[in-house]
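Okay, coords.txt now, which holds compact mmCIF, C-alpha atoms:
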# COMPACT_ATOMS: atom_id res chain seq x y z
CA MET A 147 17.26 -33.08 -33.19
CA PHE A 148 17.55 -35.04 -29.92
CA ASP A 149 21.36 -34.75 -29.98
CA TRP A 150 21.14 -30.99 -30.45
CA ALA A 151 18.59 -30.78 -27.65
CA ARG A 152 20.92 -32.69 -25.35
CA HIS A 153 23.88 -30.54 -26.45
CA THR A 154 22.11 -27.18 -26.00
CA GLY A 155 19.86 -27.99 -23.08
CA ILE A 156 16.83 -26.83 -25.10
CA SER A 157 14.09 -29.44 -25.54
CA SER A 158 13.72 -31.04 -28.96
CA ASP A 159 10.08 -29.89 -29.02
CA THR A 160 11.17 -26.30 -28.52
CA LEU A 161 13.81 -26.60 -31.23
CA ALA A 162 11.34 -28.17 -33.65
CA LYS A 163 8.75 -25.49 -32.94
CA ARG A 164 11.29 -22.70 -33.41
CA LEU A 165 12.40 -24.13 -36.77
CA SER A 166 8.79 -24.62 -37.92
CA LEU A 167 8.09 -20.98 -37.01
CA GLY A 168 10.85 -19.94 -39.39
CA TRP A 169 13.66 -19.28 -36.94
CA SER A 170 17.11 -19.66 -38.37
CA VAL A 171 19.02 -22.72 -37.20
CA GLU A 172 21.55 -20.55 -35.39
CA GLU A 173 18.83 -18.57 -33.64
CA ALA A 174 16.89 -21.73 -32.66
CA LEU A 175 19.96 -23.34 -31.12
CA THR A 176 21.48 -20.33 -29.41
CA THR A 177 18.47 -18.44 -28.06
CA PRO A 178 17.92 -19.42 -24.43
CA VAL A 179 14.44 -20.41 -23.38
CA GLY A 180 12.95 -17.32 -21.78
CA LYS A 181 9.65 -15.97 -20.61
CA GLN A 182 6.82 -15.67 -23.11
CA GLY A 183 6.57 -12.45 -25.08
CA ARG A 184 10.28 -11.80 -24.86
CA LYS A 185 12.95 -13.05 -27.21
CA PRO A 186 16.38 -12.95 -25.52
CA LYS A 187 19.50 -12.28 -27.54
CA PRO A 188 21.31 -15.38 -28.78
CA ILE A 189 24.41 -16.56 -26.95
CA LEU A 190 26.74 -18.43 -29.28
CA ALA A 191 28.83 -21.11 -27.62
CA PRO A 192 32.18 -21.73 -29.36
CA SER A 193 31.56 -25.47 -29.80
CA MET A 194 28.22 -24.80 -31.48
CA ALA A 195 29.66 -22.25 -33.87
CA HIS A 196 31.58 -25.05 -35.61
CA ALA A 197 28.54 -27.33 -35.74
CA LEU A 198 26.10 -24.80 -37.25
CA PRO A 199 27.18 -25.21 -40.91
CA ALA A 200 26.61 -28.97 -40.66
CA LEU A 201 23.18 -28.39 -39.17
CA ARG A 202 22.33 -25.89 -41.91
CA ASP A 203 23.35 -28.49 -44.52
CA TRP A 204 21.19 -31.07 -42.78
CA GLN A 205 18.23 -28.68 -42.68
CA ARG A 206 18.66 -27.90 -46.41
CA ASP A 207 18.89 -31.60 -47.28
CA MET A 208 15.78 -32.38 -45.23
CA HIS A 209 13.92 -29.56 -46.95
CA VAL A 210 14.89 -30.90 -50.39
CA ALA A 211 13.90 -34.44 -49.40
CA HIS A 212 10.57 -33.20 -48.07
CA ARG A 213 9.80 -31.33 -51.29
CA GLN A 214 10.73 -34.39 -53.35
CA MET A 215 8.51 -36.64 -51.25
CA THR A 216 5.62 -34.17 -51.51
CA ARG A 217 5.93 -34.14 -55.31
CA SER A 218 5.99 -37.94 -55.39
CA VAL A 219 2.89 -38.20 -53.22
CA ARG A 220 1.02 -35.63 -55.32
CA SER A 221 1.98 -37.49 -58.50
CA PHE A 222 0.80 -40.78 -57.00
CA VAL A 223 -2.52 -39.26 -55.92
CA ARG A 224 -3.01 -37.76 -59.39
CA GLN A 225 -2.40 -41.16 -61.01
CA MET A 226 -4.84 -42.85 -58.62
CA GLU A 227 -7.50 -40.22 -59.36
CA GLU A 228 -7.05 -40.76 -63.12
CA GLN A 229 -7.35 -44.53 -62.71
CA MET A 230 -10.46 -44.14 -60.55
CA ALA A 231 -12.01 -41.86 -63.17
CA GLU A 232 -11.31 -44.45 -65.88
CA LEU A 233 -12.83 -47.19 -63.72
CA ARG A 234 -15.92 -45.08 -63.02
CA HIS A 235 -16.31 -44.33 -66.73
CA GLY A 236 -16.01 -48.04 -67.62
CA LEU A 237 -18.52 -48.99 -64.94
CA ASP A 238 -20.96 -46.32 -66.12
CA GLN A 239 -20.70 -47.64 -69.69
CA HIS A 240 -21.21 -51.22 -68.53
CA LEU A 241 -24.26 -50.29 -66.44
CA ALA A 242 -25.73 -48.25 -69.31
CA ALA A 243 -25.31 -51.23 -71.67
CA GLN A 244 -27.02 -53.53 -69.16
CA LEU A 245 -29.88 -51.04 -68.74
CA ASP A 246 -30.31 -50.79 -72.51
CA GLU A 247 -30.38 -54.58 -72.79
CA ALA A 248 -32.95 -54.85 -69.99
CA ASN A 249 -35.12 -52.18 -71.63
CA ARG A 250 -34.92 -53.99 -74.99
CA HIS A 251 -35.92 -57.24 -73.30
CA ILE A 252 -38.91 -55.58 -71.58
CA ILE A 253 -40.06 -53.97 -74.84
CA THR A 254 -39.80 -57.21 -76.82
CA SER A 255 -41.61 -59.24 -74.17
CA HIS A 256 -44.55 -56.78 -73.84
CA THR A 257 -44.99 -55.61 -77.44
CA PRO A 258 -46.23 -58.18 -79.93
CA GLY A 259 -44.24 -58.17 -83.14
CA VAL A 260 -41.27 -56.18 -81.79
CA GLY A 261 -38.15 -58.24 -82.02
CA GLN A 262 -39.85 -61.04 -83.98
CA ASN A 263 -39.25 -61.97 -87.57
CA PRO A 264 -42.14 -61.42 -90.06
CA GLN A 265 -43.10 -65.11 -90.27
CA GLU A 266 -43.69 -65.26 -86.49
CA ILE A 267 -45.88 -62.15 -86.70
CA VAL A 268 -48.06 -63.77 -89.40
CA ARG A 269 -48.40 -66.98 -87.33
CA ASP A 270 -49.39 -64.96 -84.24
CA ARG A 271 -52.08 -63.07 -86.19
CA CYS A 272 -53.41 -66.22 -87.81
CA SER A 273 -53.65 -68.01 -84.46
CA ARG A 274 -55.46 -65.02 -82.90
CA VAL A 275 -57.94 -64.85 -85.78
CA ALA A 276 -58.55 -68.58 -85.50
CA GLN A 277 -59.12 -68.35 -81.74
CA GLU A 278 -61.52 -65.40 -82.12
CA SER A 279 -63.59 -67.20 -84.77
CA VAL A 280 -64.13 -70.28 -82.59
What's the structure tokens form of this structure?
Amino acid sequence: MFDWARHTGISSDTLAKRLSLGWSVEEALTTPVGKQGRKPKPILAPSMAHALPALRDWQRDMHVAHRQMTRSVRSFVRQMEEQMAELRHGLDQHLAAQLDEANRHIITSHTPGVGQNPQEIVRDRCSRVAQESV
């Protein structure tokens, strides 16, 4: 872009803006910079006429490369989102299991007989009866 700017005398910013606005390569390179609101007719220099096909090829190649890169980035982002969703799901399951375990522990520690085997229940009752009778 800088070489073309030097060759045409049109700034690289102006050339880039013209191309991004959808100007054809030929029009961007040959249209002199004029006053705003007016688009002068292109003047085609003979030396530039030979270079335009190469520039069109370059523009096409850059467009293809840009589309390819965009697809790659979108694919990468999609994969990262899927991995994050799997990690979130695994973390949610882990936290739910910990919460269930904590709830079971609270229930067994505050409810006599829950979580104990039958022999321990009988011993607890017998010891309470013995304490009450004393």
**Prompt:** Suppose you want the space between atom CA of A:Ser218 and atom CA of A:Leu237; what is it in Å?
**Reply:** 28.5 Å
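The protein and nucleic acid residues lying at most 9 Å from A:Ser158 are Met147, Phe148, Asp149, Trp150, Ala151, Arg152, Leu161, Ala162 and Lys163 of chain A, with only C-alpha atoms considered and sequence neighbours fewer than 3 positions away removed.
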**Complete:** If you count only C-alpha atoms, the residue of A:Ala174, A:Ile156, A:Ala231, A:Ile253 closest to A:Leu201 turns out to be A:Ala174
Could you give me the axis-aligned bounding box of stretch 176-179 of chain A, with 6 Å of padding per side, as centre plus edge lengths in Å to one decimal, as JSON?
{"center_x": 18.0, "center_y": -19.4, "center_z": -26.4, "size_x": 19.0, "size_y": 14.0, "size_z": 18.0}
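Using only C-alpha atoms, the shortest contact distance between A:Leu198 and any of A:Glu172, A:Val223, A:Ser157, A:Glu232 is found at A:Glu172.
Put simply, atom CA of A:Gly155 is 8.9 Å away from atom CA of A:Pro178.
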**Message:** Report, in Å with one decimal, the straight-line distance from atom CA of A:Gln205 to atom CA of A:Val171.
**Reply:**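 Atom-to-atom, atom CA of A:Gln205 and atom CA of A:Val171 are spaced 8.1 Å apart.
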